[in-house]
Amino acid sequence: MIASDTLVTYMWILLAVYSAVILFFVVRGARKNKNIQDYAVGNIGFPSWVVGLSLAASMTSAATFIINPGFIALYGISGVISFALVLPLAAFISLIVFTKGFARQGKAVKATTMAQWIGKRYESKNYAIFFAFVALLLMTFIVLINVGLTQVISKSLNADPFYVLMGITAFVFGYMMFGGANSMVYTNTIQAIIMCIVALILIGSGAEYFTDGIGGFFDKLKAIDPNLVKPTNPSSFLFRDYFEIIVTQIVIGVAIVCQPHIITKSLLLKDSSKVNTYLFSGIAFMVIFFLVVIVGLYARISFPDFMVNGTALKMDEIIPTYVVTKFSVGVGLVIVVGLISAGLSTLESLIQSLSITVTSDIINPLFKDKYTAKTISINKVVIIGLAIVSFLLSWNQIQNPDISVAIFAQNGVYGYFAAAFVPVLFGTFLKNVSTRSVFIASITAIVVHFGIYYGRITPYMQEPVNNPGVSAAIGIVTSLIVGYIFYKLDEKKQRGHIRLDS
């Protein structure tokens with residue numbers, strides 16, 4: 001029992017109020033849904049800065065606030081360089097470049113999902129169905145958020161994680177059966193504002209450790225483990241050298257934007273001329289959010305041996321425990337709500353985008369559009385199916401994690417956007433791209449990523465738990481080279497046909 005009785009009581013009240021507010025906006029948004037397209041991209045003209053906040057809330061999740069700081073607690077400054085500097089910088093540049101091109105293309109092909117965009121852009125139904133199945137890898141991200149939320153709420157309520165996970169699954173998947181994009185922008189905006197307040201509180205929570213300046217702060221970490229203050233950490237499996245910390249994270253940061261709940265957010269803009277305001281508001285908030293990982297350093301000073309009340313903490317429990325033990329009841333309540341908001345904002349986006357993909361891009365094509373008139377009803381059944389699968393996978397990760405649920409999630413999510421990177425890049429910026437070139441590139445990315453990871457190829461894959469970022473980065477670069485070679489070969493063929501015809 002970590003949380004005080006007072007915190008538990010107020011936490012129940014706060015959860016009830018928070019749930020009621022969400023349901024209010026879900027009902028308000030659901031009334032606007034007339035068809036599946038309204039559910040997917042909305043029919044309300046939201047201000048661009050509001051959509052930007054929705055982007056920030058979707059792109060930074062429970063991983064940013066709850067899970068990743070745990071890695072920093074374990075491995076120190078090397079993780080801060082990787083997660084708070086290199087990856088965000090690469091992601092922001094990629095987001096700016098991709099968003100402007102994708103927004104134009106998205107309007108042109110009238111796509112509501114990533115699979116639809118790819119299928120219409122390359123005029124291939126088979127490629128669209130292939131990508132819809134690949135999108136199921138994003139279930140691993142849903143599992144990560146479920147686990148993060150369960151750890152935070154169960155610690156705050158002193159409750160059994162099994163029943164907390166069941167409650168989260170029933171509530172969130174339940175209201176997402178009705179809300180969709182219209183309600184999601186409302187809830188994401190509120191969540192982003194709460195997350196910003198909480199991020200600032202968390203970042204400032206270690207002020208006491210800086211009484212002797214930054215040097216004194218580093219000395220405290222060095223006294224626990226000298227590796228914590230080194231730019232690389234040979235004892236870790238994520239931050240061993242600059243290839244893992246910088247090169248891998250640049251590639252991942254650039255490609256991470258190619259997730260449907262991120263890149264399709266620009267389709268909510270009814271006026272594409274407002275894209276700069278959208279990007280500015282989103283990135284401004286995300287800069288603050290990504291800095292939250294430094295809380296892991298504070299947690300390590302607080303729990304040098306990761307023991308609390310005689311019990312060893314698992315990595316995914318470090319930040320929830322830090323919050324519950326560090327702050328007063330009032331501040332603790334605000335922070336817990338912020339952490340919940342961080343998880344729900346992305347979870348909502350993932351449930352919405354994944355359910356639409358399964359319904360519109362797998363079920364409808366396979367049944368030759370027999371059930372198009374019942375698409376909204378089918379989508380609700382799909383969400384129930386996703387809820388059951390995510391619950392079972394999440395509970396398994398809570399009981400038997402590979403150090404952290406983050407490794408499980410990274411493996412799946414990185415596989416998805418490794419496959420998506422080349423078709424999105426080529427489809428956005430190149431002309432006359434053959435379907436063959438991008439299809440082969442996608443398959444190459446998946447085979448190389450999972451082949452290296454599970455085949456334990458390269459020196460980076462020889463530990464009991466390995467870094468999915470390395471295998472994904474190699475897969476992305478390989479697929480880019482292969483895709484470009486086939487693009488050039490097919491381009492020469494097209495020119496040859498044109499000359500023959502003339």
# chains A, B, ... in the order shown; residues from 1 in each chain; ligands from 1
call {"tool": "residues_around", "arguments": {"residues": "stretch 123-138 of chain A", "least_positions_apart": "3", "cutoff": "10 Å", "atoms": "only C-alpha atoms", "output": "ChimeraX atom specification"}}
result
/A:113-120,141-143,259-260,350-351,353-363,365-366,386,409-417,419-420,434-436,438-439,442-443,446
call {"tool": "atom_distance", "arguments": {"atom1": "atom CA of A:Gln462", "atom2": "atom CA of A:Ala73"}}
result
23.0 Å
call {"tool": "residues_around", "arguments": {"residues": "A:Gly282", "least_positions_apart": "3", "cutoff": "12 Å", "atoms": "only C-alpha atoms", "output": "NGL selection string"}}
result
:A and (48-60 or 92 or 95-96 or 99 or 188-189 or 192-193 or 196 or 262 or 265-266 or 275-279 or 285-289)
call {"tool": "residues_around", "arguments": {"residues": "stretch 148-158 of chain A", "least_positions_apart": "2", "cutoff": "6 Å", "atoms": "only C-alpha atoms", "output": "ChimeraX atom specification"}}
result
/A:1,3,8,62,145-146,161,164-165,320
call {"tool": "write_last_selection", "arguments": {"atoms": "C-alpha atoms", "output": "compact mmCIF listing (two decimals), in the first residue's frame"}}
result
# COMPACT_ATOMS: atom_id res chain seq x y z
CA MET A 1 0.00 0.00 0.00
CA ALA A 3 -0.93 5.71 -1.60
CA VAL A 8 -7.27 7.05 -2.60
CA ALA A 62 1.92 7.32 -21.75
CA ILE A 145 -0.68 2.62 -22.97
CA ASN A 146 -3.01 0.17 -21.21
CA PRO A 161 -4.07 -4.09 -11.49
CA VAL A 164 -8.04 -1.54 -13.03
CA LEU A 165 -7.03 -2.80 -16.48
CA PRO A 320 3.88 6.01 -10.87
call {"tool": "closest_residue", "arguments": {"among": "A:Lys314, A:Lys220, A:His449, A:Lys370", "to": "A:Ile476", "atoms": "only C-alpha atoms"}}
result
A:His449
call {"tool": "closest_residue", "arguments": {"among": "A:Lys492, A:Gln352, A:Leu269, A:Asp212", "to": "A:Ile383", "atoms": "only C-alpha atoms"}}
result
A:Gln352
call {"tool": "residues_around", "arguments": {"residues": "stretch 74-76 of chain A", "least_positions_apart": "3", "cutoff": "12 Å", "atoms": "only C-alpha atoms", "output": "JSON, numbers by chain"}}
result
{"A": [67, 68, 69, 70, 71, 79, 80, 81, 82, 83, 84, 218, 220, 221, 222, 224, 225, 226, 227, 228, 229, 230, 231, 232, 233, 234, 235, 236, 237, 238, 239, 240, 293, 294, 295, 296, 297, 298, 299, 300, 301, 303, 304, 305, 306, 313, 314, 315, 316, 318, 319, 403, 404]}
call {"tool": "closest_residue", "arguments": {"among": "A:Val21, A:Leu14, A:Tyr122, A:Ile485", "to": "A:Gly427", "atoms": "only C-alpha atoms"}}
result
A:Tyr122
call {"tool": "atom_distance", "arguments": {"atom1": "atom CA of A:Leu202", "atom2": "atom CA of A:Ala312"}}
result
22.9 Å
call {"tool": "closest_residue", "arguments": {"among": "A:Val382, A:Ala91, A:Leu15, A:Ile407", "to": "A:Phe171", "atoms": "only C-alpha atoms"}}
result
A:Leu15
